[in-house]
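This report concerns only the one structure given below.
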2 protein chains.
Amino acid sequence: MTIPNIIPSKKLTGTVDGLFMASGDEFVTQPAGELVLAYEGIPGDLHSGLTRKSGSREPWYPRGTEMRNERQITLLSRDELAEAAAQMGIDTIEPEWIGGNITLSGIPMLSMLPAATLLFFEGGATLKVDFQNGPCRISGASIARHVGRPDDAGLALSFVPAAKRRRGLLAWVEKPGSIAMGAKVEARLPEQWIYP
Amino acid sequence: MTIPNIIPSKKLTGTVDGLFMASGDEFVTQPAGELVLAYEGIPGDLHSGLTRKSGSREPWYPRGTEMRNERQITLLSRDELAEAAAQMGIDTIEPEWIGGNITLSGIPMLSMLPAATLLFFEGGATLKVDFQNGPCRISGASIARHVGRPDDAGLALSFVPAAKRRRGLLAWVEKPGSIAMGAKVEARLPEQWIYP
């Protein structure tokens, strides 16, 4: 086997255009003036923690197995959400409805940023991208409720195909710090290749 | 922009053929009968910890900045080390000399496994691949010492090109557990694509 073609590391820049957290025990988030990140994520947020319990996304573990929490922060793009909304035939998908913590503008196809991308936020916090998020029916049902069609199972289900590759990124805190609305972010993409 | 071509997730299998840890304050490792992994890595190992201090590999931070420790475990392939040794004109590179913790056989081009690959070890431990490791001059100097040529700066330096793309993987503990010699490992590669 020969070494695959290597795409060099590169940088992209974006801007924070939304900050949210889930203060209660529901995954829907509420706008936040700023986010103060610690190693466990956003202290007080539903998804904070150095560890978490496994769920349906980890079918290789018995449900409820303790594991590292690599899904601390949900990053979304309003452009991608608008595309998904259009495909679902609704006016908008608000980031809060599907548990977004940070929305970023200026980075095309945010959801396609590679694993291990570093996100350096103005102010000193750093997130590291774990992987692309996958859309689920629970988020679809939340959208249906928020547009006033809680019993429209077809609408809820349509989120899964509409948001495929558009459901943002999961990330964990590499370096704690505060993130303010309007903060600039530099994305440092790692070298990329395809394992043959 | 259009969604790039997606390579599906896939599985590979390998076998643990070496276990090592660095019990002191030197990065050279010593053989271990088994490794007991915790969330901080290998307790008592030089590179254990939930956090670490940044160094020359993170030029974007002032040296010594506290950050998440994603470099807990060094995985190596004896086949890749043999290729690097041949290119350096020496008989062998032993994993201990360059701080290896686990050697795996049976997975071609181990160093090229993508970020976010999960390594499920027989016995229950799981590692998650952070990224490919890069060869450095310190490891080269250790090799030169171990082959009895401590003053051969050319040999030490030759490790960097010889071990490029062959220097193994850095990983962190997703799920604690014990790893025994001869344990089977299943590598679950994530979906792969190139961000355009």
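The way I read the labels, and the way they are meant: chains A, B, ... in the order of the structure tokens, residue 1 as the first residue of every chain, and ligand 1 as the first ligand shown, with later ones counted on from there.
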_Should the cut-off be 7 Å, what would the residue list for chain B against chain A look like, counting only C-alpha atoms, as an MDAnalysis selection string?_
chainID B and resid 67:68 112:116 130 174:175 192:195
_A:Ala32 surroundings by only C-alpha atoms, 12 Å radius, close-in-sequence under 3 positions cut, as a PyMOL selection string_ = chain A and resi 17-23+29+35-36+42+45+96+100-103+178-181
Selection to disk with N, CA, C and O atoms, as a compact mmCIF listing (two decimals), in the first residue's frame:
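Produced file out23.txt, reproduced below:
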```txt
# COMPACT_ATOMS: atom_id res chain seq x y z
N ASP A 17 -22.30 33.98 15.58
CA ASP A 17 -23.54 34.76 15.46
C ASP A 17 -24.68 34.17 16.30
O ASP A 17 -25.84 34.49 16.07
N GLY A 18 -24.32 33.40 17.30
CA GLY A 18 -25.34 32.91 18.23
C GLY A 18 -24.71 32.09 19.33
O GLY A 18 -23.77 31.31 19.09
N LEU A 19 -25.18 32.28 20.56
CA LEU A 19 -24.69 31.53 21.72
C LEU A 19 -25.90 31.08 22.54
O LEU A 19 -26.80 31.89 22.80
N PHE A 20 -25.90 29.82 22.94
CA PHE A 20 -27.08 29.23 23.57
C PHE A 20 -26.65 28.18 24.58
O PHE A 20 -25.60 27.56 24.43
N MET A 21 -27.47 27.96 25.58
CA MET A 21 -27.22 26.83 26.46
C MET A 21 -28.52 26.21 26.94
O MET A 21 -29.58 26.84 26.90
N ALA A 22 -28.42 24.95 27.38
CA ALA A 22 -29.57 24.21 27.90
C ALA A 22 -29.44 24.16 29.41
O ALA A 22 -28.71 23.34 29.95
N SER A 23 -30.14 25.06 30.09
CA SER A 23 -29.97 25.20 31.54
C SER A 23 -30.76 24.16 32.31
O SER A 23 -30.45 23.86 33.46
N THR A 29 -32.20 24.68 23.73
CA THR A 29 -31.33 25.68 24.35
C THR A 29 -32.00 27.05 24.38
O THR A 29 -33.02 27.27 23.72
N LEU A 35 -20.69 32.50 26.54
CA LEU A 35 -20.48 31.15 27.06
C LEU A 35 -19.12 31.10 27.72
O LEU A 35 -18.12 31.54 27.13
N VAL A 36 -19.10 30.61 28.94
CA VAL A 36 -17.83 30.43 29.65
C VAL A 36 -17.52 28.93 29.65
O VAL A 36 -18.23 28.15 30.28
N ILE A 42 -19.84 23.46 28.94
CA ILE A 42 -20.49 24.66 29.47
C ILE A 42 -21.05 24.29 30.84
O ILE A 42 -22.04 23.56 30.91
N ASP A 45 -24.78 23.28 31.72
CA ASP A 45 -25.50 22.87 30.51
C ASP A 45 -25.81 21.38 30.57
O ASP A 45 -25.06 20.59 31.16
N GLU A 96 -31.83 26.95 18.60
CA GLU A 96 -32.27 26.50 19.93
C GLU A 96 -33.11 25.23 19.86
O GLU A 96 -33.07 24.40 20.77
N GLY A 100 -28.61 23.66 19.65
CA GLY A 100 -27.36 24.32 19.28
C GLY A 100 -26.78 25.12 20.44
O GLY A 100 -27.54 25.69 21.24
N ASN A 101 -25.46 25.15 20.55
CA ASN A 101 -24.77 25.98 21.55
C ASN A 101 -24.10 27.19 20.93
O ASN A 101 -24.03 28.25 21.56
N ILE A 102 -23.56 27.01 19.73
CA ILE A 102 -22.84 28.10 19.07
C ILE A 102 -23.21 28.05 17.59
O ILE A 102 -23.15 26.98 16.98
N THR A 103 -23.60 29.20 17.02
CA THR A 103 -23.73 29.25 15.57
C THR A 103 -22.58 30.08 15.01
O THR A 103 -22.18 31.10 15.58
N SER A 178 -13.80 32.25 27.53
CA SER A 178 -15.13 32.81 27.28
C SER A 178 -15.32 33.09 25.80
O SER A 178 -14.37 33.46 25.10
N ILE A 179 -16.53 32.91 25.33
CA ILE A 179 -16.88 33.23 23.95
C ILE A 179 -18.01 34.25 23.97
O ILE A 179 -19.05 34.03 24.60
N ALA A 180 -17.80 35.36 23.28
CA ALA A 180 -18.79 36.44 23.22
C ALA A 180 -19.46 36.45 21.85
O ALA A 180 -18.88 36.02 20.85
N MET A 181 -20.68 36.99 21.81
CA MET A 181 -21.36 37.21 20.53
C MET A 181 -20.47 38.07 19.64
O MET A 181 -19.89 39.05 20.09
```
*Selection: 6 Å around A:Val185, only C-alpha atoms, excl. self and same-chain fewer than 5 positions, as a PyMOL selection string*: chain A and resi 13-15+120-121
Mind dumping the selected residues with C-alpha atoms as a tab-separated table (two decimals), in the first residue's frame?
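Wrote selection30.tsv, looks like this:
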```
chain	number	residue	atom	x	y	z
A	13	THR	CA	-12.24	32.28	9.47
A	14	GLY	CA	-15.75	32.78	10.76
A	15	THR	CA	-17.82	34.73	13.26
A	120	PHE	CA	-9.67	29.18	18.03
A	121	PHE	CA	-12.10	31.74	19.43
```
*Can you list, as a list in words, every protein, DNA or RNA residue that comes within 10 Å of B:Gly89 when you count only C-alpha atoms, leaving out same-chain residues fewer than 6 positions away?*
Glu83, Leu155, Ser158 and Ala162 of chain B
Write to file, as a PDB file, in the first residue's frame, the residues of the selection just made, with N, CA, C and O atoms.
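Full text of selection_3.pdb as output:
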```pdb
ATOM      1  N   GLU B  83      10.128  -0.298   8.441  1.00  0.00           N
ATOM      2  CA  GLU B  83      10.333   0.480   7.209  1.00  0.00           C
ATOM      3  C   GLU B  83      11.179   1.721   7.488  1.00  0.00           C
ATOM      4  O   GLU B  83      12.073   2.075   6.718  1.00  0.00           O
ATOM      5  N   LEU B 155      22.289  10.533  11.891  1.00  0.00           N
ATOM      6  CA  LEU B 155      21.371   9.410  12.108  1.00  0.00           C
ATOM      7  C   LEU B 155      20.130   9.884  12.856  1.00  0.00           C
ATOM      8  O   LEU B 155      19.002   9.550  12.474  1.00  0.00           O
ATOM      9  N   SER B 158      17.843  11.780  10.637  1.00  0.00           N
ATOM     10  CA  SER B 158      17.250  11.009   9.539  1.00  0.00           C
ATOM     11  C   SER B 158      15.937  10.334   9.956  1.00  0.00           C
ATOM     12  O   SER B 158      15.176   9.872   9.102  1.00  0.00           O
ATOM     13  N   ALA B 162      12.404   9.624   7.673  1.00  0.00           N
ATOM     14  CA  ALA B 162      12.185   8.173   7.565  1.00  0.00           C
ATOM     15  C   ALA B 162      10.881   7.742   8.230  1.00  0.00           C
ATOM     16  O   ALA B 162      10.241   6.775   7.807  1.00  0.00           O
TER      17      ALA B 162
END
```
After superposing chain A onto chain B (least squares, all C-alpha atoms, pairing by order), export the transformed chain as an mmCIF file with C-alpha atoms, in the first residue's frame.
```
data_model
loop_
_atom_site.group_PDB
_atom_site.id
_atom_site.type_symbol
_atom_site.label_atom_id
_atom_site.label_comp_id
_atom_site.auth_asym_id
_atom_site.auth_seq_id
_atom_site.Cartn_x
_atom_site.Cartn_y
_atom_site.Cartn_z
ATOM 1 C CA MET A 1 -20.350 24.102 -2.857
ATOM 2 C CA THR A 2 -21.512 20.546 -3.051
ATOM 3 C CA ILE A 3 -21.192 17.805 -0.469
ATOM 4 C CA PRO A 4 -17.943 15.894 -1.085
ATOM 5 C CA ASN A 5 -17.857 12.198 -1.829
ATOM 6 C CA ILE A 6 -18.368 10.183 1.377
ATOM 7 C CA ILE A 7 -16.388 6.992 1.991
ATOM 8 C CA PRO A 8 -18.453 4.733 4.271
ATOM 9 C CA SER A 9 -17.375 3.734 7.750
ATOM 10 C CA LYS A 10 -15.504 0.446 7.898
ATOM 11 C CA LYS A 11 -13.892 -2.016 10.293
ATOM 12 C CA LEU A 12 -10.409 -3.497 10.460
ATOM 13 C CA THR A 13 -9.004 -5.943 12.963
ATOM 14 C CA GLY A 14 -5.600 -6.188 14.566
ATOM 15 C CA THR A 15 -3.728 -7.652 17.503
ATOM 16 C CA VAL A 16 -1.793 -6.137 20.391
ATOM 17 C CA ASP A 17 1.822 -7.264 20.074
ATOM 18 C CA GLY A 18 3.434 -4.943 22.602
ATOM 19 C CA LEU A 19 2.542 -2.981 25.745
ATOM 20 C CA PHE A 20 4.808 -0.380 27.322
ATOM 21 C CA MET A 21 4.761 2.496 29.748
ATOM 22 C CA ALA A 22 7.021 5.339 30.874
ATOM 23 C CA SER A 23 7.151 5.008 34.650
ATOM 24 C CA GLY A 24 9.765 7.664 35.233
ATOM 25 C CA ASP A 25 10.304 11.139 33.914
ATOM 26 C CA GLU A 26 11.910 10.018 30.650
ATOM 27 C CA PHE A 27 9.771 9.410 27.572
ATOM 28 C CA VAL A 28 11.441 6.060 26.802
ATOM 29 C CA THR A 29 9.019 3.285 27.774
ATOM 30 C CA GLN A 30 9.478 -0.156 29.336
ATOM 31 C CA PRO A 31 7.537 -3.353 28.586
ATOM 32 C CA ALA A 32 4.402 -3.829 30.674
ATOM 33 C CA GLY A 33 2.509 -7.060 31.265
ATOM 34 C CA GLU A 34 -0.786 -5.280 30.762
ATOM 35 C CA LEU A 35 -2.026 -1.699 30.619
ATOM 36 C CA VAL A 36 -4.850 -0.557 32.853
ATOM 37 C CA LEU A 37 -6.389 2.497 31.230
ATOM 38 C CA ALA A 38 -8.283 5.228 33.061
ATOM 39 C CA TYR A 39 -9.751 8.459 31.692
ATOM 40 C CA GLU A 40 -6.413 10.156 32.298
ATOM 41 C CA GLY A 41 -4.574 7.551 30.214
ATOM 42 C CA ILE A 42 -2.154 5.112 31.853
ATOM 43 C CA PRO A 43 -1.986 6.086 35.541
ATOM 44 C CA GLY A 44 1.638 6.671 36.518
ATOM 45 C CA ASP A 45 2.781 7.092 32.918
ATOM 46 C CA LEU A 46 4.689 10.211 31.911
ATOM 47 C CA HIS A 47 1.932 11.229 29.491
ATOM 48 C CA SER A 48 -1.053 10.519 31.709
ATOM 49 C CA GLY A 49 -3.391 13.326 32.655
ATOM 50 C CA LEU A 50 -6.686 14.886 31.694
ATOM 51 C CA THR A 51 -4.749 18.027 30.808
ATOM 52 C CA ARG A 52 -1.155 18.724 29.791
ATOM 53 C CA LYS A 53 1.133 21.658 29.047
ATOM 54 C CA SER A 54 1.436 22.790 25.445
ATOM 55 C CA GLY A 55 4.768 22.448 23.664
ATOM 56 C CA SER A 56 6.377 22.886 20.283
ATOM 57 C CA ARG A 57 3.564 20.980 18.572
ATOM 58 C CA GLU A 58 1.128 23.754 19.514
ATOM 59 C CA PRO A 59 2.905 26.880 18.220
ATOM 60 C CA TRP A 60 -0.404 28.781 18.508
ATOM 61 C CA TYR A 61 -0.157 28.747 22.335
ATOM 62 C CA PRO A 62 2.552 30.163 24.573
ATOM 63 C CA ARG A 63 4.671 27.177 25.607
ATOM 64 C CA GLY A 64 3.376 25.677 28.850
ATOM 65 C CA THR A 65 -0.263 26.634 28.344
ATOM 66 C CA GLU A 66 -2.626 24.215 30.058
ATOM 67 C CA MET A 67 -4.765 22.354 27.536
ATOM 68 C CA ARG A 68 -6.682 19.110 27.173
ATOM 69 C CA ASN A 69 -4.430 16.068 26.934
ATOM 70 C CA GLU A 70 -5.404 14.372 23.690
ATOM 71 C CA ARG A 71 -1.951 12.730 23.438
ATOM 72 C CA GLN A 72 -2.358 10.170 26.230
ATOM 73 C CA ILE A 73 -1.419 6.994 24.382
ATOM 74 C CA THR A 74 1.103 6.397 21.593
ATOM 75 C CA LEU A 75 0.222 3.553 19.227
ATOM 76 C CA LEU A 76 2.836 2.149 16.868
ATOM 77 C CA SER A 77 3.178 -0.523 14.196
ATOM 78 C CA ARG A 78 6.309 -2.686 14.162
ATOM 79 C CA ASP A 79 5.958 -2.949 10.373
ATOM 80 C CA GLU A 80 6.090 0.809 9.999
ATOM 81 C CA LEU A 81 9.030 1.029 12.405
ATOM 82 C CA ALA A 82 10.877 -1.599 10.345
ATOM 83 C CA GLU A 83 10.332 0.472 7.206
ATOM 84 C CA ALA A 84 11.656 3.584 8.946
ATOM 85 C CA ALA A 85 14.657 1.646 10.307
ATOM 86 C CA ALA A 86 15.490 0.352 6.831
ATOM 87 C CA GLN A 87 15.395 3.883 5.474
ATOM 88 C CA MET A 88 17.735 4.997 8.278
ATOM 89 C CA GLY A 89 20.131 2.120 7.575
ATOM 90 C CA ILE A 90 19.741 0.511 10.997
ATOM 91 C CA ASP A 91 18.484 -2.935 11.946
ATOM 92 C CA THR A 92 15.539 -1.995 14.112
ATOM 93 C CA ILE A 93 13.637 0.729 15.901
ATOM 94 C CA GLU A 94 12.189 -0.643 19.104
ATOM 95 C CA PRO A 95 8.883 0.928 20.183
ATOM 96 C CA GLU A 96 10.261 1.706 23.643
ATOM 97 C CA TRP A 97 12.956 3.963 22.179
ATOM 98 C CA ILE A 98 10.399 6.424 20.879
ATOM 99 C CA GLY A 99 7.873 6.235 23.700
ATOM 100 C CA GLY A 100 5.425 3.706 22.275
ATOM 101 C CA ASN A 101 2.674 2.452 24.609
ATOM 102 C CA ILE A 102 0.912 -0.080 22.406
ATOM 103 C CA THR A 103 2.037 -1.823 19.233
ATOM 104 C CA LEU A 104 -0.595 -3.234 16.915
ATOM 105 C CA SER A 105 -0.164 -5.744 14.114
ATOM 106 C CA GLY A 106 -2.560 -6.592 11.316
ATOM 107 C CA ILE A 107 -3.704 -3.078 10.422
ATOM 108 C CA PRO A 108 -1.908 -1.845 7.299
ATOM 109 C CA MET A 109 -0.578 1.723 7.437
ATOM 110 C CA LEU A 110 -1.621 2.142 11.049
ATOM 111 C CA SER A 111 -0.355 5.720 11.061
ATOM 112 C CA MET A 112 -2.830 6.658 8.321
ATOM 113 C CA LEU A 113 -5.964 5.666 10.246
ATOM 114 C CA PRO A 114 -8.237 8.703 10.230
ATOM 115 C CA ALA A 115 -8.873 10.959 13.215
ATOM 116 C CA ALA A 116 -11.885 9.773 15.245
ATOM 117 C CA THR A 117 -11.212 6.101 14.525
ATOM 118 C CA LEU A 118 -12.367 4.031 17.506
ATOM 119 C CA LEU A 119 -10.161 1.188 18.720
ATOM 120 C CA PHE A 120 -12.160 -1.406 20.646
ATOM 121 C CA PHE A 121 -9.855 -3.671 22.638
ATOM 122 C CA GLU A 122 -10.754 -7.162 23.717
ATOM 123 C CA GLY A 123 -11.380 -6.728 27.430
ATOM 124 C CA GLY A 124 -13.470 -3.571 27.133
ATOM 125 C CA ALA A 125 -11.150 -0.579 26.812
ATOM 126 C CA THR A 126 -11.732 1.863 23.956
ATOM 127 C CA LEU A 127 -9.280 4.396 22.554
ATOM 128 C CA LYS A 128 -10.219 7.177 20.170
ATOM 129 C CA VAL A 129 -7.627 8.306 17.660
ATOM 130 C CA ASP A 130 -6.774 11.977 17.930
ATOM 131 C CA PHE A 131 -4.409 12.167 14.983
ATOM 132 C CA GLN A 132 -1.286 10.843 13.349
ATOM 133 C CA ASN A 133 1.883 11.507 15.314
ATOM 134 C CA GLY A 134 4.783 13.387 13.768
ATOM 135 C CA PRO A 135 8.400 12.289 14.163
ATOM 136 C CA CYS A 136 10.699 14.635 16.073
ATOM 137 C CA ARG A 137 14.441 14.997 16.602
ATOM 138 C CA ILE A 138 14.179 13.959 20.251
ATOM 139 C CA SER A 139 12.964 10.523 19.204
ATOM 140 C CA GLY A 140 15.666 10.427 16.555
ATOM 141 C CA ALA A 141 18.319 11.171 19.194
ATOM 142 C CA SER A 142 16.934 8.395 21.390
ATOM 143 C CA ILE A 143 17.255 5.946 18.509
ATOM 144 C CA ALA A 144 20.854 7.044 17.892
ATOM 145 C CA ARG A 145 21.672 6.474 21.580
ATOM 146 C CA HIS A 146 20.021 3.049 21.604
ATOM 147 C CA VAL A 147 21.977 1.821 18.581
ATOM 148 C CA GLY A 148 25.212 2.979 20.244
ATOM 149 C CA ARG A 149 25.765 6.071 18.070
ATOM 150 C CA PRO A 150 24.814 8.875 20.453
ATOM 151 C CA ASP A 151 26.983 11.428 18.644
ATOM 152 C CA ASP A 152 25.656 10.640 15.159
ATOM 153 C CA ALA A 153 23.518 13.735 14.589
ATOM 154 C CA GLY A 154 22.889 12.700 10.989
ATOM 155 C CA LEU A 155 21.373 9.419 12.105
ATOM 156 C CA ALA A 156 19.208 11.176 14.693
ATOM 157 C CA LEU A 157 17.955 13.674 12.128
ATOM 158 C CA SER A 158 17.251 10.997 9.541
ATOM 159 C CA PHE A 159 14.416 9.700 11.713
ATOM 160 C CA VAL A 160 12.251 12.694 10.828
ATOM 161 C CA PRO A 161 11.918 11.969 7.096
ATOM 162 C CA ALA A 162 12.170 8.181 7.549
ATOM 163 C CA ALA A 163 9.284 8.050 10.032
ATOM 164 C CA LYS A 164 7.035 10.586 8.333
ATOM 165 C CA ARG A 165 3.547 8.973 8.060
ATOM 166 C CA ARG A 166 4.933 5.984 10.000
ATOM 167 C CA ARG A 167 5.192 7.397 13.515
ATOM 168 C CA GLY A 168 1.914 5.942 14.690
ATOM 169 C CA LEU A 169 -1.105 7.506 16.311
ATOM 170 C CA LEU A 170 -1.988 9.537 19.363
ATOM 171 C CA ALA A 171 -5.135 8.516 21.149
ATOM 172 C CA TRP A 172 -7.105 9.191 24.304
ATOM 173 C CA VAL A 173 -9.176 6.909 26.468
ATOM 174 C CA GLU A 174 -12.857 6.872 25.547
ATOM 175 C CA LYS A 175 -13.668 3.986 27.873
ATOM 176 C CA PRO A 176 -11.379 2.683 30.634
ATOM 177 C CA GLY A 177 -10.332 -0.950 30.853
ATOM 178 C CA SER A 178 -7.393 -3.327 30.743
ATOM 179 C CA ILE A 179 -5.412 -4.310 27.672
ATOM 180 C CA ALA A 180 -3.475 -7.584 27.658
ATOM 181 C CA MET A 181 -0.729 -8.799 25.328
ATOM 182 C CA GLY A 182 -2.270 -10.599 22.383
ATOM 183 C CA ALA A 183 -5.632 -8.877 22.770
ATOM 184 C CA LYS A 184 -7.644 -8.456 19.608
ATOM 185 C CA VAL A 185 -8.574 -4.942 18.559
ATOM 186 C CA GLU A 186 -11.327 -3.806 16.242
ATOM 187 C CA ALA A 187 -10.740 -0.481 14.515
ATOM 188 C CA ARG A 188 -13.915 1.302 13.484
ATOM 189 C CA LEU A 189 -13.050 3.927 10.912
ATOM 190 C CA PRO A 190 -15.533 6.805 10.662
ATOM 191 C CA GLU A 191 -16.990 8.008 7.390
ATOM 192 C CA GLN A 192 -14.274 9.784 5.457
ATOM 193 C CA TRP A 193 -14.293 12.748 3.097
ATOM 194 C CA ILE A 194 -12.105 15.649 2.045
ATOM 195 C CA TYR A 195 -13.331 19.132 2.964
ATOM 196 C CA PRO A 196 -12.995 21.044 -0.312
#
```
*asked:* Quick check for you: according to DSSP on this backbone, which residues of chain B are classed as alpha helix (DSSP H)? Reply as a PyMOL selection string.
replied: chain B and resi 78-88+137-146+153-162
*Quick one: DSSP strand (DSSP E or B) residues in stretch 149-195 of chain B, as a PyMOL selection string?*
chain B and resi 169-175+177-180+184-189+192
